[in-house]
file model-v3.txt (compact mmCIF, C-alpha atoms)
# COMPACT_ATOMS: atom_id res chain seq x y z
CA MET D 1 -14.11 0.13 -24.52
CA ARG D 2 -13.92 2.74 -21.80
CA VAL D 3 -11.92 5.81 -20.85
CA THR D 4 -9.27 4.74 -18.35
CA ARG D 5 -7.35 8.02 -18.02
CA LEU D 6 -8.03 11.68 -18.71
CA ARG D 7 -5.21 14.22 -18.89
CA ARG D 8 -5.10 17.97 -19.37
CA TYR D 9 -2.10 20.23 -19.97
CA PRO D 10 -2.86 23.77 -18.74
CA VAL D 11 0.45 25.14 -20.09
CA LYS D 12 1.73 23.82 -23.39
CA ALA D 13 4.82 21.54 -23.12
CA MET D 14 4.72 21.48 -19.30
CA ALA D 15 3.71 18.43 -17.31
CA GLY D 16 -0.05 18.09 -17.00
CA GLU D 17 -2.70 16.84 -14.61
CA ALA D 18 -4.86 13.75 -14.25
CA LEU D 19 -8.61 14.32 -14.18
CA GLU D 20 -11.62 12.25 -13.19
CA VAL D 21 -13.99 14.46 -15.18
CA ALA D 22 -13.46 17.04 -17.94
CA GLU D 23 -15.73 19.53 -19.61
CA VAL D 24 -15.22 19.57 -23.37
CA ASP D 25 -16.07 22.38 -25.77
CA HIS D 26 -15.34 22.74 -29.48
CA ARG D 27 -11.77 23.73 -28.68
CA GLY D 28 -11.13 20.53 -26.67
CA LEU D 29 -10.85 19.81 -22.94
CA VAL D 30 -11.62 23.11 -21.25
CA GLY D 31 -8.32 24.61 -20.12
CA ASP D 32 -6.14 22.26 -22.16
CA ARG D 33 -3.08 24.06 -23.59
CA TRP D 34 -4.82 27.35 -22.90
CA TYR D 35 -1.50 28.88 -21.88
CA ALA D 36 1.90 28.68 -23.56
CA VAL D 37 5.36 30.06 -22.88
CA VAL D 38 5.82 32.62 -25.66
CA ASP D 39 8.94 34.56 -26.70
CA ASP D 40 9.17 37.96 -28.34
CA ASP D 41 8.95 36.35 -31.79
CA GLY D 42 5.62 34.78 -30.89
CA ARG D 43 7.02 31.25 -30.88
CA PHE D 44 6.03 28.71 -28.26
CA ALA D 45 8.53 27.04 -25.95
CA SER D 46 8.57 23.32 -26.64
CA GLY D 47 10.71 20.22 -26.66
CA LYS D 48 10.82 20.45 -30.44
CA ALA D 49 11.58 23.06 -33.07
CA GLY D 50 9.28 24.16 -35.88
CA ARG D 51 7.54 27.05 -37.55
CA ARG D 52 5.51 27.84 -34.43
CA PHE D 53 7.87 26.32 -31.86
CA ARG D 54 11.29 27.05 -30.46
CA ARG D 55 13.06 24.23 -28.70
CA ARG D 56 13.54 25.18 -25.07
CA ASP D 57 13.95 21.99 -23.06
CA GLU D 58 13.79 23.96 -19.80
CA VAL D 59 10.01 24.12 -20.18
CA LEU D 60 9.80 20.34 -19.74
CA ALA D 61 11.08 20.63 -16.17
CA HIS D 62 7.91 22.47 -15.13
CA ALA D 63 4.40 21.31 -14.27
CA ALA D 64 1.08 23.14 -14.47
CA ALA D 65 -2.02 22.44 -12.42
CA THR D 66 -5.47 23.98 -12.29
CA THR D 67 -6.52 25.30 -8.88
CA THR D 68 -9.55 27.18 -7.62
CA ASP D 69 -7.47 30.37 -8.01
CA GLY D 70 -6.30 29.63 -11.54
CA VAL D 71 -3.35 27.79 -13.05
CA ARG D 72 -0.23 27.32 -10.95
CA VAL D 73 3.21 26.44 -12.33
CA SER D 74 5.91 24.66 -10.34
CA GLY D 75 9.50 24.06 -11.37
CA PRO D 76 13.09 23.86 -10.15
CA GLY D 77 13.02 27.45 -8.92
CA GLY D 78 9.72 27.43 -7.06
CA ALA D 79 5.99 27.78 -7.71
CA TRP D 80 3.97 30.69 -9.04
CA ALA D 81 0.49 31.55 -10.23
CA VAL D 82 0.16 32.19 -13.94
CA GLY D 83 0.03 35.96 -14.28
CA ASP D 84 2.65 36.55 -11.60
CA PRO D 85 5.53 38.56 -13.14
CA ALA D 86 7.90 36.47 -11.04
CA LEU D 87 6.95 33.40 -13.10
CA ASP D 88 7.84 35.11 -16.37
CA ALA D 89 11.09 36.37 -14.84
CA ALA D 90 12.07 32.91 -13.59
CA LEU D 91 11.33 31.26 -16.93
CA SER D 92 13.17 33.99 -18.83
CA GLU D 93 16.25 33.51 -16.68
CA GLU D 94 16.17 29.73 -17.16
CA MET D 95 15.70 29.98 -20.92
CA GLY D 96 18.10 32.84 -21.53
CA ALA D 97 15.49 34.87 -23.40
CA ARG D 98 12.50 37.00 -22.53
CA VAL D 99 9.40 34.81 -22.38
CA ARG D 100 5.93 35.16 -20.95
CA VAL D 101 3.16 32.73 -20.07
CA LEU D 102 0.25 33.91 -22.19
CA PRO D 103 -3.28 32.71 -22.95
CA GLU D 104 -4.22 31.61 -26.44
CA ALA D 105 -4.80 34.53 -28.78
CA GLY D 106 -4.93 33.99 -32.51
CA ALA D 107 -2.49 31.16 -33.14
CA PRO D 108 -3.79 27.94 -31.56
CA HIS D 109 -1.64 26.34 -28.89
CA GLN D 110 -2.70 22.81 -29.84
CA ASP D 111 -0.55 21.07 -32.41
CA ALA D 112 -3.10 19.81 -34.93
CA ALA D 113 -6.51 19.11 -33.38
CA ALA D 114 -8.70 19.62 -30.34
CA VAL D 115 -8.34 16.18 -28.71
CA SER D 116 -5.84 13.32 -28.87
CA LEU D 117 -6.36 9.73 -27.78
CA VAL D 118 -4.63 6.36 -27.79
CA GLY D 119 -5.63 2.80 -26.88
CA THR D 120 -4.20 0.69 -24.06
CA ALA D 121 -3.52 -2.21 -26.43
CA THR D 122 -1.43 0.12 -28.60
CA LEU D 123 0.73 1.02 -25.61
CA ASP D 124 0.98 -2.66 -24.65
CA TRP D 125 2.26 -3.36 -28.18
CA CYS D 126 4.90 -0.68 -27.73
CA ARG D 127 6.08 -2.31 -24.51
CA GLU D 128 6.24 -5.77 -26.07
CA HIS D 129 7.64 -4.94 -29.51
CA LEU D 130 9.69 -1.82 -28.91
CA GLY D 131 10.93 -2.50 -25.39
CA VAL D 132 9.79 0.86 -24.02
CA ASP D 133 7.70 1.84 -21.03
CA GLY D 134 4.57 2.58 -23.07
CA GLU D 135 3.60 5.40 -20.72
CA VAL D 136 0.78 7.55 -22.07
CA ARG D 137 2.33 10.68 -20.55
CA ARG D 138 5.07 10.51 -23.20
CA LEU D 139 2.39 11.04 -25.85
CA ARG D 140 0.67 13.88 -23.99
CA ALA D 141 -2.67 12.40 -25.07
CA ASN D 142 -5.92 13.60 -23.52
CA LEU D 143 -7.72 10.25 -23.46
CA LEU D 144 -6.43 6.75 -22.81
CA VAL D 145 -9.04 4.23 -24.00
CA GLU D 146 -9.19 0.62 -22.87
CA THR D 147 -8.82 -1.48 -26.05
CA GLU D 148 -8.12 -5.13 -26.86
CA GLU D 149 -6.56 -4.74 -30.33
CA PRO D 150 -3.43 -2.66 -30.99
CA PHE D 151 -4.01 0.35 -33.23
CA VAL D 152 -7.77 -0.24 -33.43
CA GLU D 153 -8.22 3.51 -32.90
CA GLU D 154 -6.52 4.18 -36.24
CA GLY D 155 -9.44 2.44 -37.93
CA TRP D 156 -11.80 5.10 -36.59
CA GLU D 157 -10.49 7.75 -39.00
CA ASP D 158 -13.36 9.77 -40.44
CA THR D 159 -15.65 8.07 -37.91
CA GLU D 160 -17.67 9.57 -35.09
CA VAL D 161 -16.93 8.29 -31.61
CA GLU D 162 -19.28 8.85 -28.70
CA VAL D 163 -17.44 9.29 -25.39
CA GLY D 164 -19.73 9.94 -22.47
CA GLY D 165 -21.71 13.02 -23.47
CA VAL D 166 -19.21 14.08 -26.16
CA VAL D 167 -19.10 13.19 -29.86
CA LEU D 168 -15.68 13.24 -31.51
CA HIS D 169 -14.85 13.08 -35.20
CA LEU D 170 -11.60 11.15 -35.65
CA LEU D 171 -9.24 12.89 -38.08
CA GLY D 172 -6.27 10.56 -38.44
CA ARG D 173 -3.01 9.35 -36.95
CA THR D 174 -0.75 11.49 -34.77
CA VAL D 175 2.77 11.99 -36.10
CA ARG D 176 5.26 11.96 -33.23
CA CYS D 177 8.38 14.04 -32.58
CA ARG D 178 11.38 13.93 -30.25
CA MET D 179 9.10 14.80 -27.32
CA VAL D 180 8.33 11.09 -26.88
CA ASP D 181 12.01 10.46 -26.03
CA ALA D 182 12.43 13.40 -23.66
CA ALA D 183 12.41 13.44 -19.87
CA GLN D 184 9.07 14.99 -18.94
CA ASP D 185 6.07 14.80 -16.63
CA GLY D 186 7.86 12.67 -14.03
CA LEU D 187 9.40 10.36 -16.68
CA THR D 188 13.08 9.81 -17.38
CA GLU D 189 14.59 10.18 -20.83
CA GLN D 190 13.87 7.21 -23.11
CA PRO D 191 16.10 7.43 -26.20
CA GLY D 192 15.09 5.43 -29.22
CA LEU D 193 11.29 5.48 -29.07
CA LEU D 194 10.93 7.95 -31.92
CA THR D 195 13.42 6.01 -34.04
CA ALA D 196 11.53 2.77 -33.37
CA LEU D 197 8.21 4.39 -34.22
CA GLY D 198 9.70 5.71 -37.43
CA ARG D 199 10.84 2.23 -38.37
CA GLU D 200 7.69 0.35 -37.35
CA ARG D 201 4.80 2.83 -37.48
CA ASP D 202 5.71 5.72 -39.80
CA ALA D 203 6.45 7.70 -36.61
CA CYS D 204 2.71 7.64 -35.77
CA LEU D 205 1.05 6.68 -32.50
CA GLY D 206 -2.47 7.59 -31.38
CA VAL D 207 -5.05 9.66 -33.23
CA TYR D 208 -6.39 13.21 -33.36
CA ALA D 209 -10.04 14.22 -33.16
CA GLU D 210 -12.21 17.30 -33.42
CA VAL D 211 -15.23 17.90 -31.22
CA ARG D 212 -18.60 17.57 -32.92
CA THR D 213 -20.79 17.68 -29.79
CA PRO D 214 -19.45 19.29 -26.59
CA GLY D 215 -20.23 17.83 -23.18
CA THR D 216 -18.63 16.02 -20.29
CA ILE D 217 -16.22 13.07 -20.23
CA ARG D 218 -15.52 11.01 -17.12
CA VAL D 219 -13.07 8.24 -16.42
CA GLY D 220 -15.02 5.03 -16.97
CA ASP D 221 -17.26 6.43 -19.72
CA PRO D 222 -17.91 4.01 -22.59
CA VAL D 223 -16.32 4.71 -25.98
CA ARG D 224 -18.59 3.87 -28.93
CA PRO D 225 -17.44 4.30 -32.55
CA ARG D 226 -20.40 4.82 -34.87
CA ARG D 227 -21.10 5.60 -38.50
CA ARG D 228 -20.51 9.27 -39.18
CA SER D 229 -23.71 11.30 -39.38
CA ARG D 230 -24.23 13.40 -42.51
call {"tool": "encode", "arguments": {"input": "model-v3.txt", "output": "structure tokens"}}
result
Amino acid sequence: MRVTRLRRYPVKAMAGEALEVAEVDHRGLVGDRWYAVVDDDGRFASGKAGRRFRRRDEVLAHAAATTTDGVRVSGPGGAWAVGDPALDAALSEEMGARVRVLPEAGAPHQDAAAVSLVGTATLDWCREHLGVDGEVRRLRANLLVETEEPFVEEGWEDTEVEVGGVVLHLLGRTVRCRMVDAAQDGLTEQPGLLTALGRERDACLGVYAEVRTPGTIRVGDPVRPRRRSR
């Protein structure tokens, strides 16, 4: 098993970027979800609603990329560097509320864990059995791992997995939301995926992990589950 794709999302809920190499600290991929679009109530713009989130589908029409000068956001109205007041003004106008792109401070921007991953065989199963595109970008996972057996990654719960120079502790399955159906990150809307996952997989796809040993992950690195150290 090897890493076939690495993805990072500099601004939560916006389209992300493909990487060949990523530095990983205890928080996750360095720079992943470091920024979020935050309203005056402290809630994050997202494609879903919840205690920490406010559904603002406009955020999905934007992309964020890391440059040598920092993170840059592009969208229907143009492109701006994070920190430019014009970016906050453009997003506020689109969303009909005052919002700002802010770095993480206190409340974590990540949903439930530092890192998320899914296997290629799992996505192949989705294509075959659910009739969907099985595109990893719909899941917003950090790591796509080449696997031969669908859902094998779910069996790694409470197991340590060595990925390149990083050791991950697998926490459990990832519960999905309407984001998997939404148009995002260059993908068109795909209605019905969440319903099918609810029927077939308890609405779960992929797994979450925490970082035990920071380091570097590269595309092509081997993925080795191992007995958890005590």
call {"tool": "closest_residue", "arguments": {"input": "model-v3.txt", "among": "D:Val101, D:Val24, D:Leu170, D:Leu144", "to": "Ala81 (chain D)", "atoms": "only C-alpha atoms"}}
result
D:Val101
call {"tool": "atom_distance", "arguments": {"input": "model-v3.txt", "atom1": "CA of Asp39 (chain D)", "atom2": "CA of Arg54 (chain D)"}}
result
8.7 Å
call {"tool": "closest_atom_pairs", "arguments": {"input": "model-v3.txt", "of": "region 74-154 of chain D", "to": "region 178-187 of chain D", "cutoff": "9 Å", "atoms": "only C-alpha atoms", "output": "JSON lines"}}
result
{"residue": "D:Glu135", "atom": "CA", "partner": "D:Leu187", "partner_atom": "CA", "distance": 8.6}
{"residue": "D:Arg137", "atom": "CA", "partner": "D:Asp185", "partner_atom": "CA", "distance": 6.8}
{"residue": "D:Arg138", "atom": "CA", "partner": "D:Val180", "partner_atom": "CA", "distance": 5.0}
{"residue": "D:Leu139", "atom": "CA", "partner": "D:Val180", "partner_atom": "CA", "distance": 6.0}
{"residue": "D:Arg140", "atom": "CA", "partner": "D:Val180", "partner_atom": "CA", "distance": 8.6}
call {"tool": "write_last_selection", "arguments": {"input": "model-v3.txt", "atoms": "C-alpha atoms", "output": "CSV table (one decimal), keeping the file's coordinate frame"}}
result
chain,number,residue,atom,x,y,z
D,135,GLU,CA,3.6,5.4,-20.7
D,137,ARG,CA,2.3,10.7,-20.6
D,138,ARG,CA,5.1,10.5,-23.2
D,139,LEU,CA,2.4,11.0,-25.8
D,140,ARG,CA,0.7,13.9,-24.0
call {"tool": "residues_around", "arguments": {"input": "model-v3.txt", "residues": "Glu153 (chain D)", "least_positions_apart": "3", "cutoff": "8 Å", "atoms": "all atoms listed in the file", "output": "PyMOL selection string"}}
result
chain D and resi 118-119+156-157+206-207
call {"tool": "residues_around", "arguments": {"input": "model-v3.txt", "residues": "region 127-131 of chain D", "least_positions_apart": "3", "cutoff": "12 Å", "atoms": "all atoms listed in the file", "output": "list in words"}}
result
Thr120, Ala121, Thr122, Leu123, Asp124, Gly134, Glu135, Val136, Pro150, Gln190, Pro191, Gly192, Leu193, Leu194, Thr195, Ala196, Leu197, Gly198, Arg199, Glu200 and Arg201 of chain D
call {"tool": "closest_atom_pairs", "arguments": {"input": "model-v3.txt", "of": "region 132-223 of chain D", "to": "region 108-112 of chain D", "cutoff": "10 Å", "atoms": "all atoms listed in the file", "output": "Markdown table"}}
result
| residue | atom | partner | partner_atom | distance |
| --- | --- | --- | --- | --- |
| D:Leu171 | CA | D:Ala112 | CA | 9.8 |
| D:Thr174 | CA | D:Ala112 | CA | 8.6 |
| D:Val175 | CA | D:Ala112 | CA | 9.8 |
| D:Tyr208 | CA | D:Ala112 | CA | 7.5 |
| D:Ala209 | CA | D:Ala112 | CA | 9.1 |
| D:Glu210 | CA | D:Ala112 | CA | 9.6 |
call {"tool": "residues_around", "arguments": {"input": "model-v3.txt", "residues": "region 55-57 of chain D", "least_positions_apart": "2", "cutoff": "9 Å", "atoms": "all atoms listed in the file", "output": "PDB file with C-alpha atoms, keeping the file's coordinate frame"}}
result
ATOM      1  CA  PHE D  44       6.030  28.710 -28.260  1.00  0.00           C
ATOM      2  CA  ALA D  45       8.530  27.040 -25.950  1.00  0.00           C
ATOM      3  CA  SER D  46       8.570  23.320 -26.640  1.00  0.00           C
ATOM      4  CA  GLY D  47      10.710  20.220 -26.660  1.00  0.00           C
ATOM      5  CA  LYS D  48      10.820  20.450 -30.440  1.00  0.00           C
ATOM      6  CA  ALA D  49      11.580  23.060 -33.070  1.00  0.00           C
ATOM      7  CA  GLY D  50       9.280  24.160 -35.880  1.00  0.00           C
ATOM      8  CA  PHE D  53       7.870  26.320 -31.860  1.00  0.00           C
ATOM      9  CA  VAL D  59      10.010  24.120 -20.180  1.00  0.00           C
ATOM     10  CA  LEU D  60       9.800  20.340 -19.740  1.00  0.00           C
ATOM     11  CA  ALA D  61      11.080  20.630 -16.170  1.00  0.00           C
ATOM     12  CA  MET D  95      15.700  29.980 -20.920  1.00  0.00           C
ATOM     13  CA  ALA D 182      12.430  13.400 -23.660  1.00  0.00           C
TER      14      ALA D 182
END
call {"tool": "residues_around", "arguments": {"input": "model-v3.txt", "residues": "Ile217 (chain D)", "least_positions_apart": "6", "cutoff": "9 Å", "atoms": "all atoms listed in the file", "output": "number ranges by chain"}}
result
D: 3, 6, 20-24, 163-166
call {"tool": "closest_residue", "arguments": {"input": "model-v3.txt", "among": "D:Cys177, D:Leu205, D:Val161, D:Leu117", "to": "Val223 (chain D)", "atoms": "all atoms listed in the file"}}
result
D:Val161
call {"tool": "axis_aligned_box", "arguments": {"input": "model-v3.txt", "around": "region 175-186 of chain D", "padding_each_side": "3 Å", "output": "lines of an AutoDock Vina configuration file"}}
result
center_x = 7.6
center_y = 12.7
center_z = -25.1
size_x = 15.7
size_y = 10.5
size_z = 28.1
call {"tool": "closest_residue", "arguments": {"input": "model-v3.txt", "among": "D:Gly215, D:Gly83, D:Gly220, D:Gly42", "to": "Leu19 (chain D)", "atoms": "all atoms listed in the file"}}
result
D:Gly220
call {"tool": "atom_distance", "arguments": {"input": "model-v3.txt", "atom1": "CA of Val30 (chain D)", "atom2": "CA of Arg218 (chain D)"}}
result
13.4 Å
call {"tool": "closest_residue", "arguments": {"input": "model-v3.txt", "among": "D:Arg227, D:Arg52, D:Arg2, D:Arg72", "to": "Tyr35 (chain D)", "atoms": "only C-alpha atoms"}}
result
D:Arg72
call {"tool": "closest_residue", "arguments": {"input": "model-v3.txt", "among": "D:Ala63, D:Ala86, D:Arg5, D:Arg212", "to": "Thr159 (chain D)", "atoms": "only C-alpha atoms"}}
result
D:Arg212
call {"tool": "atom_distance", "arguments": {"input": "model-v3.txt", "atom1": "CA of Ala97 (chain D)", "atom2": "CA of Thr66 (chain D)"}}
result
26.1 Å
call {"tool": "closest_residue", "arguments": {"input": "model-v3.txt", "among": "D:Thr188, D:Pro222, D:Glu58, D:Val73", "to": "Glu17 (chain D)", "atoms": "all atoms listed in the file"}}
result
D:Val73
